[in-house]
$ cat final-v2.txt   # compact mmCIF, C-alpha atoms and all ligand atoms
# COMPACT_ATOMS: atom_id res chain seq x y z
CA MET H 1 -63.03 124.79 87.43
CA SER H 2 -63.82 128.27 88.49
CA ASP H 3 -65.19 127.63 91.96
CA PHE H 4 -61.78 127.06 93.52
CA ILE H 5 -60.23 129.79 95.63
CA LYS H 6 -56.59 130.46 96.46
CA CYS H 7 -56.00 130.69 100.17
CA ASN H 8 -52.74 131.96 101.67
CA ALA H 9 -52.28 129.98 104.85
CA ASP H 10 -49.67 130.06 107.60
CA LEU H 11 -50.39 126.92 109.60
CA HIS H 12 -47.88 127.07 112.47
CA MET H 13 -47.33 129.76 115.11
CA HIS H 14 -47.35 130.13 118.88
CA GLY H 15 -49.36 132.11 121.38
CA LEU H 16 -48.07 134.14 124.31
CA TYR H 17 -48.21 131.15 126.69
CA SER H 18 -45.48 129.34 124.77
CA ARG H 19 -41.86 129.82 125.76
CA ALA H 20 -39.92 132.71 124.18
CA VAL H 21 -43.04 134.13 122.53
CA SER H 22 -43.94 137.83 122.32
CA LYS H 23 -46.72 139.00 124.65
CA ASP H 24 -48.31 140.52 121.53
CA MET H 25 -49.02 137.02 120.24
CA VAL H 26 -52.75 137.12 120.99
CA PRO H 27 -55.56 136.18 118.59
CA ASN H 28 -56.81 139.71 117.84
CA ILE H 29 -53.34 141.10 117.03
CA ILE H 30 -52.49 138.05 114.89
CA ALA H 31 -55.83 138.56 113.09
CA GLU H 32 -55.15 142.26 112.47
CA GLN H 33 -51.62 141.66 111.18
CA ALA H 34 -52.44 138.68 108.92
CA PRO H 35 -54.04 140.68 106.07
CA LEU H 36 -51.12 143.15 106.10
CA LYS H 37 -48.95 140.21 105.12
CA GLY H 38 -51.59 138.89 102.69
CA LEU H 39 -52.75 135.87 104.68
CA ASN H 40 -56.34 134.58 104.71
CA LEU H 41 -55.92 131.70 107.13
CA VAL H 42 -53.67 131.08 110.13
CA ALA H 43 -53.33 128.28 112.67
CA SER H 44 -54.96 128.75 116.04
CA ALA H 45 -51.59 128.18 117.79
CA ASP H 46 -51.49 126.36 121.12
CA ILE H 47 -55.10 125.20 121.33
CA LEU H 48 -54.58 122.52 124.01
CA HIS H 49 -53.60 125.26 126.50
CA LEU H 50 -56.60 126.41 128.57
CA GLY H 51 -55.44 130.02 129.00
CA TRP H 52 -54.98 130.30 125.28
CA GLN H 53 -58.34 128.62 124.58
CA LYS H 54 -60.03 131.23 126.77
CA LEU H 55 -58.46 134.15 124.87
CA PHE H 56 -59.24 132.43 121.60
CA LYS H 57 -62.93 132.01 122.41
CA GLU H 58 -63.21 135.55 123.77
CA GLN H 59 -61.64 137.27 120.77
CA LEU H 60 -62.86 135.16 117.86
CA LYS H 61 -66.22 133.88 116.79
CA LYS H 62 -67.32 130.46 115.62
CA THR H 63 -68.19 129.83 112.00
CA ALA H 64 -70.48 127.25 110.43
CA ASP H 65 -67.45 124.95 110.26
CA GLU H 66 -66.50 123.71 113.72
CA ALA H 67 -62.75 123.79 113.02
CA ILE H 68 -62.71 127.39 111.79
CA PHE H 69 -62.92 130.53 113.91
CA GLU H 70 -63.03 134.08 112.58
CA TYR H 71 -62.05 137.58 113.64
CA SER H 72 -64.20 140.61 112.81
CA ASN H 73 -61.90 141.56 109.89
CA GLY H 74 -62.42 138.16 108.22
CA THR H 75 -59.11 136.51 109.20
CA LYS H 76 -59.75 132.84 109.76
CA PHE H 77 -58.10 130.42 112.21
CA ILE H 78 -58.02 126.62 112.05
CA LEU H 79 -57.85 124.70 115.32
CA GLY H 80 -54.37 123.27 115.68
CA THR H 81 -51.26 123.04 117.79
CA GLU H 82 -47.69 121.82 117.98
CA LEU H 83 -46.85 118.97 120.39
CA GLU H 84 -43.57 117.51 121.59
CA CYS H 85 -43.55 113.74 122.06
CA SER H 86 -41.23 111.59 124.18
CA ASN H 87 -38.96 111.10 121.14
CA ARG H 88 -38.38 114.88 121.36
CA VAL H 89 -39.94 115.32 117.93
CA HIS H 90 -42.34 118.22 117.21
CA HIS H 91 -45.64 117.41 115.51
CA LEU H 92 -48.28 119.64 113.93
CA VAL H 93 -51.86 118.65 114.72
CA TYR H 94 -55.13 120.04 113.24
CA PHE H 95 -58.55 119.34 114.74
CA PRO H 96 -62.03 119.11 113.17
CA SER H 97 -63.72 120.76 116.20
CA MET H 98 -63.21 122.15 119.71
CA SER H 99 -64.83 119.01 121.14
CA LYS H 100 -62.11 116.93 119.47
CA VAL H 101 -59.50 119.26 121.01
CA ASP H 102 -61.05 118.52 124.42
CA GLU H 103 -61.15 114.82 123.61
CA LEU H 104 -57.43 114.68 122.82
CA ARG H 105 -56.67 116.62 126.03
CA GLU H 106 -58.74 114.07 127.93
CA ARG H 107 -56.96 111.13 126.24
CA LEU H 108 -53.59 112.70 127.11
CA LYS H 109 -54.41 113.06 130.83
CA GLY H 110 -51.59 111.55 132.88
CA LYS H 111 -49.35 111.72 129.81
CA CYS H 112 -48.23 115.32 130.29
CA LYS H 113 -46.68 116.79 133.45
CA ASP H 114 -48.48 120.11 133.17
CA PHE H 115 -50.73 121.15 130.27
CA GLU H 116 -50.57 124.81 131.27
CA ALA H 117 -46.77 125.08 131.72
CA ASP H 118 -46.21 125.80 128.02
CA GLY H 119 -48.43 126.33 124.99
CA ARG H 120 -46.52 123.57 123.25
CA GLN H 121 -46.97 120.61 125.59
CA LYS H 122 -44.29 118.02 126.23
CA LEU H 123 -45.90 114.58 126.24
CA TRP H 124 -44.93 111.21 127.65
CA VAL H 125 -46.18 109.38 124.57
CA ASN H 126 -43.96 108.59 121.60
CA SER H 127 -44.55 109.64 117.99
CA GLU H 128 -46.35 106.41 117.10
CA GLU H 129 -48.68 106.57 120.12
CA LEU H 130 -49.44 110.24 119.45
CA ALA H 131 -50.28 109.48 115.82
CA GLY H 132 -52.62 106.73 117.05
CA LEU H 133 -54.38 109.10 119.45
CA CYS H 134 -54.78 111.74 116.73
CA ARG H 135 -56.25 109.15 114.43
CA ASP H 136 -58.72 108.09 117.15
CA VAL H 137 -60.06 111.64 117.56
CA GLY H 138 -60.04 112.44 113.84
CA ALA H 139 -57.20 114.98 114.03
CA LEU H 140 -54.54 115.32 111.32
CA ILE H 141 -50.88 114.93 112.26
CA GLY H 142 -47.60 115.61 110.46
CA PHE H 143 -44.12 116.65 111.59
CA ALA H 144 -42.79 120.16 112.12
CA HIS H 145 -39.47 121.70 110.89
CA ALA H 146 -38.48 118.22 109.67
CA PHE H 147 -34.71 118.61 109.59
CA THR H 148 -33.76 120.90 112.47
CA PRO H 149 -31.24 119.37 114.87
CA TYR H 150 -33.38 120.04 117.94
CA PHE H 151 -36.90 118.55 117.76
CA GLY H 152 -36.95 117.90 114.01
CA LEU H 153 -37.88 114.31 113.14
CA PHE H 154 -34.76 113.83 111.00
CA GLY H 155 -32.60 115.12 113.82
CA LYS H 156 -33.50 111.86 115.59
CA PHE H 157 -34.65 109.39 112.92
CA ASP H 158 -33.50 108.38 109.44
CA SER H 159 -37.06 107.71 108.25
CA TYR H 160 -40.44 109.15 109.16
CA LYS H 161 -41.92 105.70 108.60
CA LYS H 162 -39.74 104.28 111.37
CA CYS H 163 -40.70 107.17 113.64
CA TYR H 164 -44.47 106.70 113.27
CA GLY H 165 -44.40 102.88 113.04
CA LYS H 166 -47.80 101.38 112.29
CA TYR H 167 -49.39 104.81 111.82
CA ALA H 168 -46.88 105.98 109.19
CA LYS H 169 -49.50 105.57 106.46
CA ASP H 170 -51.64 108.23 108.15
CA ILE H 171 -48.90 110.84 107.74
CA LYS H 172 -49.64 112.98 104.69
CA PHE H 173 -47.74 116.22 105.31
CA MET H 174 -44.59 117.63 106.84
CA GLU H 175 -43.20 121.10 107.42
CA LEU H 176 -39.95 122.03 105.68
CA GLY H 177 -38.72 124.48 108.30
CA LEU H 178 -36.86 127.71 107.56
CA SER H 179 -33.53 126.00 106.84
CA ALA H 180 -34.79 123.76 104.00
CA ASP H 181 -36.84 124.11 100.83
CA THR H 182 -38.44 121.75 98.32
CA ASN H 183 -35.27 121.27 96.28
CA MET H 184 -33.50 120.04 99.37
CA ALA H 185 -36.29 117.88 100.84
CA ASP H 186 -37.08 116.09 97.57
CA ARG H 187 -33.55 114.62 97.67
CA ILE H 188 -35.11 112.05 100.04
CA SER H 189 -37.34 109.59 98.17
CA GLU H 190 -39.63 108.63 101.07
CA LEU H 191 -40.76 112.28 101.28
CA HIS H 192 -42.05 112.31 97.70
CA ASP H 193 -45.47 111.08 98.87
CA LEU H 194 -45.88 113.87 101.41
CA THR H 195 -47.33 117.35 100.98
CA PHE H 196 -44.77 119.95 102.05
CA LEU H 197 -45.86 122.83 104.24
CA SER H 198 -43.94 126.06 104.60
CA ASN H 199 -45.09 127.83 107.79
CA SER H 200 -43.68 130.67 109.85
CA ASP H 201 -43.51 129.00 113.30
CA GLY H 202 -43.93 132.65 114.26
CA HIS H 203 -43.33 133.82 117.82
CA SER H 204 -44.29 137.44 117.11
CA PRO H 205 -47.26 138.80 115.12
CA TRP H 206 -45.47 141.44 113.05
CA PRO H 207 -45.30 140.72 109.32
CA ASN H 208 -41.56 140.06 109.34
CA LYS H 209 -42.38 136.94 111.41
CA LEU H 210 -46.05 136.08 110.84
CA GLY H 211 -46.33 134.59 107.34
CA ARG H 212 -42.58 134.79 106.74
CA GLU H 213 -43.33 131.37 105.22
CA PHE H 214 -46.79 130.39 103.98
CA ASN H 215 -48.69 128.02 101.67
CA GLU H 216 -51.03 128.78 98.84
CA LEU H 217 -53.90 126.27 99.00
CA ARG H 218 -56.37 125.54 96.21
CA ILE H 219 -59.66 124.78 97.96
CA LYS H 220 -63.35 125.57 97.52
CA GLU H 221 -63.86 127.25 100.89
CA ILE H 222 -62.06 127.59 104.18
CA THR H 223 -63.32 124.51 106.04
CA PHE H 224 -61.63 121.61 107.79
CA ASP H 225 -62.66 119.15 105.07
CA GLU H 226 -61.35 121.34 102.27
CA ILE H 227 -58.03 121.94 104.06
CA LYS H 228 -57.74 118.21 104.80
CA LYS H 229 -58.33 117.45 101.11
CA ALA H 230 -55.62 119.96 100.16
CA LEU H 231 -53.12 118.35 102.56
CA PHE H 232 -54.13 114.88 101.31
CA ARG H 233 -54.24 116.09 97.66
CA GLU H 234 -57.77 114.86 96.98
CA GLY H 235 -60.36 116.06 94.47
CA ARG H 236 -57.92 118.53 92.81
CA ARG H 237 -57.41 120.34 96.12
CA LYS H 238 -53.75 120.80 96.92
CA CYS H 239 -51.04 123.13 98.06
CA THR H 240 -50.28 124.97 94.81
CA LEU H 241 -47.27 126.97 96.02
CA ASN H 242 -44.86 126.97 98.94
CA VAL H 243 -43.43 130.36 99.80
CA GLY H 244 -40.53 130.49 102.20
CA PHE H 245 -37.07 131.63 103.12
CA ASN H 246 -34.10 130.90 101.01
CA PRO H 247 -32.71 128.14 103.27
CA LEU H 248 -29.50 130.16 103.59
CA GLU H 249 -31.45 132.51 105.88
CA GLY H 250 -32.58 129.67 108.18
CA LYS H 251 -31.08 129.26 111.65
CA TYR H 252 -29.72 125.75 111.12
CA HIS H 253 -28.79 125.68 107.45
CA LYS H 254 -24.99 125.38 107.66
CA THR H 255 -22.72 123.41 109.98
CA ARG H 256 -21.41 125.87 112.53
CA CYS H 257 -19.92 126.07 116.03
CA THR H 258 -22.44 127.15 118.69
CA GLY H 259 -19.69 129.01 120.59
CA CYS H 260 -17.42 130.89 118.18
CA LEU H 261 -19.91 130.58 115.27
CA LYS H 262 -17.18 129.51 112.82
CA PHE H 263 -18.47 127.63 109.79
CA PHE H 264 -17.27 124.04 109.52
CA ASP H 265 -16.86 121.64 106.68
CA PRO H 266 -19.15 118.84 107.98
CA LYS H 267 -16.28 116.38 107.44
CA ASP H 268 -14.29 118.33 110.02
CA GLY H 269 -17.34 118.17 112.31
CA VAL H 270 -17.20 114.37 112.08
CA LYS H 271 -13.41 114.39 112.53
CA PHE H 272 -13.60 116.51 115.69
CA LYS H 273 -16.61 114.53 117.02
CA TRP H 274 -18.83 117.63 116.75
CA ARG H 275 -16.78 119.57 119.30
CA CYS H 276 -15.03 122.78 118.20
CA PRO H 277 -11.24 122.38 118.46
CA GLU H 278 -10.89 126.12 119.10
CA CYS H 279 -13.57 127.05 121.64
CA LYS H 280 -14.56 123.50 122.74
CA LYS H 281 -18.30 124.20 122.25
CA PRO H 282 -20.57 121.81 120.28
CA ILE H 283 -20.62 122.05 116.50
CA LYS H 284 -24.20 121.87 115.15
CA LYS H 285 -24.66 119.83 112.03
CA GLY H 286 -26.31 121.90 109.29
CA VAL H 287 -29.61 120.94 107.70
CA ASP H 288 -27.90 121.03 104.28
CA TYR H 289 -25.51 118.27 105.40
CA ARG H 290 -28.21 116.28 107.24
CA ILE H 291 -30.19 116.12 103.99
CA GLU H 292 -27.05 115.16 102.08
CA GLU H 293 -26.57 112.24 104.51
CA LEU H 294 -30.12 111.00 103.90
CA SER H 295 -30.40 111.75 100.19
CA ASP H 296 -31.06 109.03 97.64
CA VAL H 297 -32.46 111.17 94.79
CA PRO H 298 -30.50 113.48 92.45
CA VAL H 299 -31.00 117.25 92.63
CA ASN H 300 -34.05 118.70 90.82
CA VAL H 301 -36.06 115.47 90.65
CA HIS H 302 -39.56 116.05 92.03
CA PRO H 303 -42.81 114.07 92.13
CA ASP H 304 -45.44 115.34 89.64
CA HIS H 305 -47.70 116.74 92.35
CA ARG H 306 -44.99 118.93 93.89
CA PRO H 307 -45.73 122.67 93.61
CA ASP H 308 -43.09 125.35 93.07
CA TYR H 309 -41.22 126.79 96.00
CA LYS H 310 -40.82 130.55 95.86
CA HIS H 311 -38.25 132.33 98.01
CA ILE H 312 -39.39 135.29 100.08
CA MET H 313 -37.78 137.65 102.55
CA PRO H 314 -39.58 140.03 104.89
CA LEU H 315 -40.15 143.48 103.36
CA SER H 316 -38.85 145.16 106.53
CA GLU H 317 -35.55 143.25 106.15
CA ILE H 318 -35.24 144.47 102.56
CA ILE H 319 -35.90 148.06 103.68
CA ALA H 320 -33.40 147.79 106.56
CA LEU H 321 -30.76 146.47 104.14
CA ALA H 322 -31.42 149.26 101.64
CA ILE H 323 -31.11 152.06 104.21
CA ASP H 324 -28.34 150.47 106.30
CA LYS H 325 -30.39 149.95 109.45
CA LYS H 326 -29.75 146.95 111.68
CA ASN H 327 -33.10 147.04 113.46
CA VAL H 328 -36.17 146.20 111.36
CA TYR H 329 -38.39 147.70 114.10
CA SER H 330 -36.70 151.13 113.94
CA ASP H 331 -39.04 154.04 113.18
CA LYS H 332 -37.29 154.75 109.90
CA VAL H 333 -37.80 151.19 108.59
CA GLN H 334 -41.36 150.98 109.90
CA ASP H 335 -42.33 154.36 108.38
CA ILE H 336 -41.23 153.21 104.92
CA TRP H 337 -42.90 149.81 105.42
CA LYS H 338 -46.20 151.54 106.28
CA LYS H 339 -46.05 153.68 103.11
CA PHE H 340 -45.74 150.58 100.93
CA ILE H 341 -48.53 148.76 102.74
CA ALA H 342 -50.77 151.84 102.55
CA LYS H 343 -50.37 151.90 98.76
CA PHE H 344 -50.47 148.16 97.95
CA GLY H 345 -52.47 146.67 100.82
CA ASN H 346 -50.18 143.84 101.80
CA GLU H 347 -46.59 142.63 101.72
CA ILE H 348 -47.13 139.78 99.29
CA ARG H 349 -48.39 142.24 96.69
CA VAL H 350 -45.41 144.55 97.27
CA LEU H 351 -42.87 141.73 97.12
CA PHE H 352 -44.22 139.75 94.17
CA ARG H 353 -46.74 141.67 92.12
CA ALA H 354 -46.48 145.47 92.22
CA PRO H 355 -44.95 146.91 89.00
CA TYR H 356 -41.60 148.69 89.42
CA GLU H 357 -43.01 152.04 88.26
CA GLU H 358 -45.59 151.98 91.05
CA LEU H 359 -43.07 150.88 93.68
CA GLN H 360 -40.81 153.71 92.54
CA GLN H 361 -43.55 156.26 93.29
CA VAL H 362 -43.31 155.30 96.97
CA ASP H 363 -39.50 155.13 97.26
CA GLU H 364 -37.04 154.66 94.43
CA ASN H 365 -34.19 153.19 96.49
CA ILE H 366 -36.45 150.60 98.10
CA ALA H 367 -38.09 149.85 94.74
CA ASN H 368 -34.63 148.95 93.41
CA TYR H 369 -34.05 146.61 96.33
CA ILE H 370 -37.41 144.92 95.77
CA ILE H 371 -36.28 144.25 92.21
CA TYR H 372 -32.94 142.90 93.53
CA PHE H 373 -35.01 140.59 95.73
CA ARG H 374 -37.16 139.42 92.80
CA GLU H 375 -34.06 138.76 90.72
CA GLU H 376 -32.46 136.88 93.65
CA GLN H 377 -29.50 139.29 93.68
CA ILE H 378 -29.57 139.86 97.43
CA GLN H 379 -26.88 137.72 99.04
CA TYR H 380 -26.76 135.93 102.37
CA ILE H 381 -24.29 135.19 105.09
CA PRO H 382 -25.74 131.74 105.74
CA GLY H 383 -27.37 130.85 109.05
CA GLY H 384 -26.30 128.01 111.33
CA ALA H 385 -26.04 126.93 115.00
CA GLY H 386 -29.22 128.85 115.87
CA GLN H 387 -28.22 132.12 114.16
CA TYR H 388 -30.36 133.39 111.30
CA GLY H 389 -28.64 134.11 108.00
CA LYS H 390 -28.00 137.79 107.27
CA LEU H 391 -28.86 139.70 104.11
CA VAL H 392 -25.99 141.29 102.20
CA LYS H 393 -26.28 143.89 99.43
CA PRO H 394 -25.83 142.71 95.84
CA GLY H 395 -22.20 142.75 94.73
CA GLU H 396 -20.80 143.24 98.23
CA LYS H 397 -17.94 140.88 99.07
CA ILE H 398 -18.76 138.23 101.67
CA GLU H 399 -16.04 136.71 103.82
CA LEU H 400 -17.12 133.81 105.98
CA ASP H 401 -15.30 132.87 109.16
CA VAL H 402 -14.56 129.28 108.22
CA PHE H 403 -12.66 126.88 110.44
CA ASN H 404 -9.41 125.96 108.74
CA PRO H 405 -7.83 122.75 110.06
CA LYS H 406 -4.51 123.54 108.34
CA GLN H 407 -4.19 126.86 110.16
CA LYS H 408 -5.01 125.06 113.37
CA SER H 409 -2.22 122.52 112.92
CA LEU H 410 0.27 125.31 112.15
CA VAL H 411 -0.62 126.96 115.43
CA ASP H 412 -0.26 123.65 117.24
CA PHE H 413 3.22 123.03 115.90
ZN ZN J 501 -41.28 123.17 117.01
ZN ZN J 502 -16.02 127.21 118.32
$ encode --input "final-v2.txt" --output "structure tokens" --more "lines below"
Ligand SMILES: [Zn+2]
Ligand SMILES: [Zn+2]
Amino acid sequence: MSDFIKCNADLHMHGLYSRAVSKDMVPNIIAEQAPLKGLNLVASADILHLGWQKLFKEQLKKTADEAIFEYSNGTKFILGTELECSNRVHHLVYFPSMSKVDELRERLKGKCKDFEADGRQKLWVNSEELAGLCRDVGALIGFAHAFTPYFGLFGKFDSYKKCYGKYAKDIKFMELGLSADTNMADRISELHDLTFLSNSDGHSPWPNKLGREFNELRIKEITFDEIKKALFREGRRKCTLNVGFNPLEGKYHKTRCTGCLKFFDPKDGVKFKWRCPECKKPIKKGVDYRIEELSDVPVNVHPDHRPDYKHIMPLSEIIALAIDKKNVYSDKVQDIWKKFIAKFGNEIRVLFRAPYEELQQVDENIANYIIYFREEQIQYIPGGAGQYGKLVKPGEKIELDVFNPKQKSLVDF
């Protein structure tokens, strides 16, 4: 059918009122940066926060659909937020209208210490109660960064069905998080029914953060009902592609010590009761191992509806790697980035679609690195314990600082 559109959507980010978020995270800057990445639709961020709501209403205009707001350049926003429940699990919530946002705020009165303390409110209701409240107001709820040790559902629970109790059947989507991808998450059979989302969880609006993960949705138009159908996989609407980090770049991918940052064999983590024998700081279990613990499906077995997962890395990181710069915001990196965007319009086109010959006309060295990226030749020092993974040039030797129990016992004796 020809009347479907493809919509690139990043459905999770935070505004400047959330903790550790850039002061540039305001609706008009997000809206201006989104098309430079190649995004059509973004999440409204922290819509239960009144200060944020005010900015949002000032800078964006309503559309015919009550859930969708629009900036003058055409970037669209869907009303949504992230909430932390009393189980210390993070949930993504999307609303059909501003009046339903107000209704949920009203229903949560007395169940949150201070709505304005943080854009992402901490609530005194558990996951099941929150799912019930969302259902009552007609909002959609799923879980964010599913596997991360802090605030990921599987950091606390072995099953999302146990977590949401009687409302588990209402859960239709979850977010993979930067440290996992589809190949990893489909190792768990109960997740086969869910739609996977790959979102940035961006805390800064620049295109190395905004849209660093996104979803391609097949819908007829950008409305709440169409997006809901895509998340629920109804009427041929669906997420047709997840685009996200190679999990090696995620902050919690590998098991690692939070103090000395040594990599650990997870079995040694268990043996040492998750406390580093060298620096005595906690060892954080990696998402790769957490999924291994929960897995009941062989590798590369996916449900029929599951779309492909394509790895991406920010263009500015590729440029910084190619010209040996540590800082992606340095003038040198940004100048080259701007030249590519000026020629091709957005990052997604540069990274995935522009022919080599045309890339070469802008900068031959960088063009070669974009090809290395497409051929998955760029290597990673994996992330873990809250540290992002680092890109390494193709062919360069990588030596990881791995905890070696044998060495340790030699020292002891
Ligand atoms: Zn979160
Ligand atoms: Zn340590």
$ closest_residue --input "final-v2.txt" --among "H:Val362, H:Ala34, H:Val93, H:Ile219" --to "ligand ZN 501 (chain J)" --atoms "all atoms listed in the file"
H:Val93
$ closest_residue --input "final-v2.txt" --among "H:Gly165, H:Pro27, H:Gly177, H:Gly74" --to "ligand ZN 501 (chain J)" --atoms "all atoms listed in the file"
H:Gly177
$ residues_near_ligand --input "final-v2.txt" --ligand "ligand ZN 502 (chain J)" --cutoff "9 Å" --atoms "all atoms listed in the file" --output "ChimeraX atom specification"
/H:256-263,275-283,403
$ residues_around --input "final-v2.txt" --residues "Ser204 in chain H" --least-positions-apart "6" --cutoff "10 Å" --atoms "only C-alpha atoms" --output "short mmCIF file (atom, residue, chain, number, x, y, z; two decimals) with C-alpha atoms, in the frame of the given file"
data_model
loop_
_atom_site.label_atom_id
_atom_site.label_comp_id
_atom_site.auth_asym_id
_atom_site.auth_seq_id
_atom_site.Cartn_x
_atom_site.Cartn_y
_atom_site.Cartn_z
CA MET H 13 -47.33 129.76 115.11
CA HIS H 14 -47.35 130.13 118.88
CA GLY H 15 -49.36 132.11 121.38
CA LEU H 16 -48.07 134.14 124.31
CA ALA H 20 -39.92 132.71 124.18
CA VAL H 21 -43.04 134.13 122.53
CA SER H 22 -43.94 137.83 122.32
CA LYS H 23 -46.72 139.00 124.65
CA ASP H 24 -48.31 140.52 121.53
CA MET H 25 -49.02 137.02 120.24
CA VAL H 26 -52.75 137.12 120.99
CA ILE H 29 -53.34 141.10 117.03
CA ILE H 30 -52.49 138.05 114.89
CA LEU H 210 -46.05 136.08 110.84
#
$ residues_near_ligand --input "final-v2.txt" --ligand "ligand ZN 501 (chain J)" --cutoff "7 Å" --atoms "only C-alpha atoms and all ligand atoms" --output "compact mmCIF listing (two decimals) with C-alpha atoms, keeping the file's coordinate frame"
# COMPACT_ATOMS: atom_id res chain seq x y z
CA GLU H 82 -47.69 121.82 117.98
CA HIS H 90 -42.34 118.22 117.21
CA ALA H 144 -42.79 120.16 112.12
CA HIS H 145 -39.47 121.70 110.89
CA PHE H 151 -36.90 118.55 117.76
$ atom_distance --input "final-v2.txt" --atom1 "CA of Arg187 in chain H" --atom2 "CA of Arg306 in chain H"
12.8 Å
$ closest_residue --input "final-v2.txt" --among "H:Tyr369, H:Phe95, H:Tyr17, H:Phe173" --to "Trp52 in chain H" --atoms "all atoms listed in the file"
H:Tyr17
$ residues_around --input "final-v2.txt" --residues "Phe77 in chain H" --least-positions-apart "6" --cutoff "6 Å" --atoms "only C-alpha atoms" --output "NGL selection string"
:H and (41-44 or 68-69)
$ residues_around --input "final-v2.txt" --residues "Ala367 in chain H" --least-positions-apart "6" --cutoff "9 Å" --atoms "all atoms listed in the file" --output "ChimeraX atom specification"
/H:356-361
$ residues_around --input "final-v2.txt" --residues "range 390-393 of chain H" --least-positions-apart "5" --cutoff "10 Å" --atoms "all atoms listed in the file" --output "NGL selection string"
:H and (248-250 or 313 or 317-318 or 320-322 or 324 or 369 or 372 or 377-383 or 398)
$ closest_atom_pairs --input "final-v2.txt" --of "range 287-332 of chain H" --to "range 343-348 of chain H" --cutoff "10 Å" --atoms "only C-alpha atoms" --output "JSON lines"
{"residue": "H:Ile312", "atom": "CA", "partner": "H:Ile348", "partner_atom": "CA", "distance": 9.0}
{"residue": "H:Pro314", "atom": "CA", "partner": "H:Glu347", "partner_atom": "CA", "distance": 8.1}
{"residue": "H:Leu315", "atom": "CA", "partner": "H:Glu347", "partner_atom": "CA", "distance": 6.7}
{"residue": "H:Ser316", "atom": "CA", "partner": "H:Glu347", "partner_atom": "CA", "distance": 9.5}
$ atom_distance --input "final-v2.txt" --atom1 "CA of Leu60 in chain H" --atom2 "CA of Ala117 in chain H"
23.5 Å
$ atom_distance --input "final-v2.txt" --atom1 "CA of Tyr160 in chain H" --atom2 "CA of Phe143 in chain H"
8.7 Å
$ residues_around --input "final-v2.txt" --residues "Ser198 in chain H" --least-positions-apart "6" --cutoff "10 Å" --atoms "all atoms listed in the file" --output "ChimeraX atom specification"
/H:9-12,144-145,174-178,180-182,211-216,241-245,309
$ closest_residue --input "final-v2.txt" --among "H:Thr148, H:Asn404, H:Ser97, H:Gln121" --to "Val287 in chain H" --atoms "all atoms listed in the file"
H:Thr148
$ closest_residue --input "final-v2.txt" --among "H:Asp186, H:Asp265, H:Asp193, H:Asp304" --to "Tyr289 in chain H" --atoms "all atoms listed in the file"
H:Asp265
$ build_atoms --input "final-v2.txt" --residues "range 323-335 of chain H" --atoms "N, CA and C atoms" --output "mmCIF file, in the coordinates of the input"
data_model
loop_
_atom_site.group_PDB
_atom_site.id
_atom_site.type_symbol
_atom_site.label_atom_id
_atom_site.label_comp_id
_atom_site.auth_asym_id
_atom_site.auth_seq_id
_atom_site.Cartn_x
_atom_site.Cartn_y
_atom_site.Cartn_z
ATOM 1 N N ILE H 323 -31.453 150.783 103.544
ATOM 2 C CA ILE H 323 -31.110 152.060 104.210
ATOM 3 C C ILE H 323 -30.095 151.872 105.345
ATOM 4 N N ASP H 324 -29.414 150.737 105.336
ATOM 5 C CA ASP H 324 -28.340 150.470 106.300
ATOM 6 C C ASP H 324 -28.782 150.554 107.757
ATOM 7 N N LYS H 325 -29.941 150.013 108.044
ATOM 8 C CA LYS H 325 -30.390 149.950 109.450
ATOM 9 C C LYS H 325 -30.298 148.498 109.919
ATOM 10 N N LYS H 326 -29.841 148.316 111.143
ATOM 11 C CA LYS H 326 -29.750 146.950 111.680
ATOM 12 C C LYS H 326 -31.101 146.460 112.195
ATOM 13 N N ASN H 327 -31.866 147.408 112.762
ATOM 14 C CA ASN H 327 -33.100 147.040 113.460
ATOM 15 C C ASN H 327 -34.324 147.216 112.551
ATOM 16 N N VAL H 328 -34.996 146.104 112.247
ATOM 17 C CA VAL H 328 -36.170 146.200 111.360
ATOM 18 C C VAL H 328 -37.349 146.896 112.046
ATOM 19 N N TYR H 329 -37.293 147.021 113.379
ATOM 20 C CA TYR H 329 -38.390 147.700 114.100
ATOM 21 C C TYR H 329 -38.109 149.191 114.305
ATOM 22 N N SER H 330 -36.991 149.687 113.764
ATOM 23 C CA SER H 330 -36.700 151.130 113.940
ATOM 24 C C SER H 330 -37.770 151.956 113.226
ATOM 25 N N ASP H 331 -37.988 153.172 113.736
ATOM 26 C CA ASP H 331 -39.040 154.040 113.180
ATOM 27 C C ASP H 331 -38.843 154.261 111.688
ATOM 28 N N LYS H 332 -37.611 154.478 111.295
ATOM 29 C CA LYS H 332 -37.290 154.750 109.900
ATOM 30 C C LYS H 332 -37.770 153.596 108.992
ATOM 31 N N VAL H 333 -37.412 152.375 109.381
ATOM 32 C CA VAL H 333 -37.800 151.190 108.590
ATOM 33 C C VAL H 333 -39.328 151.048 108.602
ATOM 34 N N GLN H 334 -39.910 151.183 109.772
ATOM 35 C CA GLN H 334 -41.360 150.980 109.900
ATOM 36 C C GLN H 334 -42.149 152.046 109.131
ATOM 37 N N ASP H 335 -41.643 153.294 109.124
ATOM 38 C CA ASP H 335 -42.330 154.360 108.380
ATOM 39 C C ASP H 335 -42.393 154.025 106.887
#
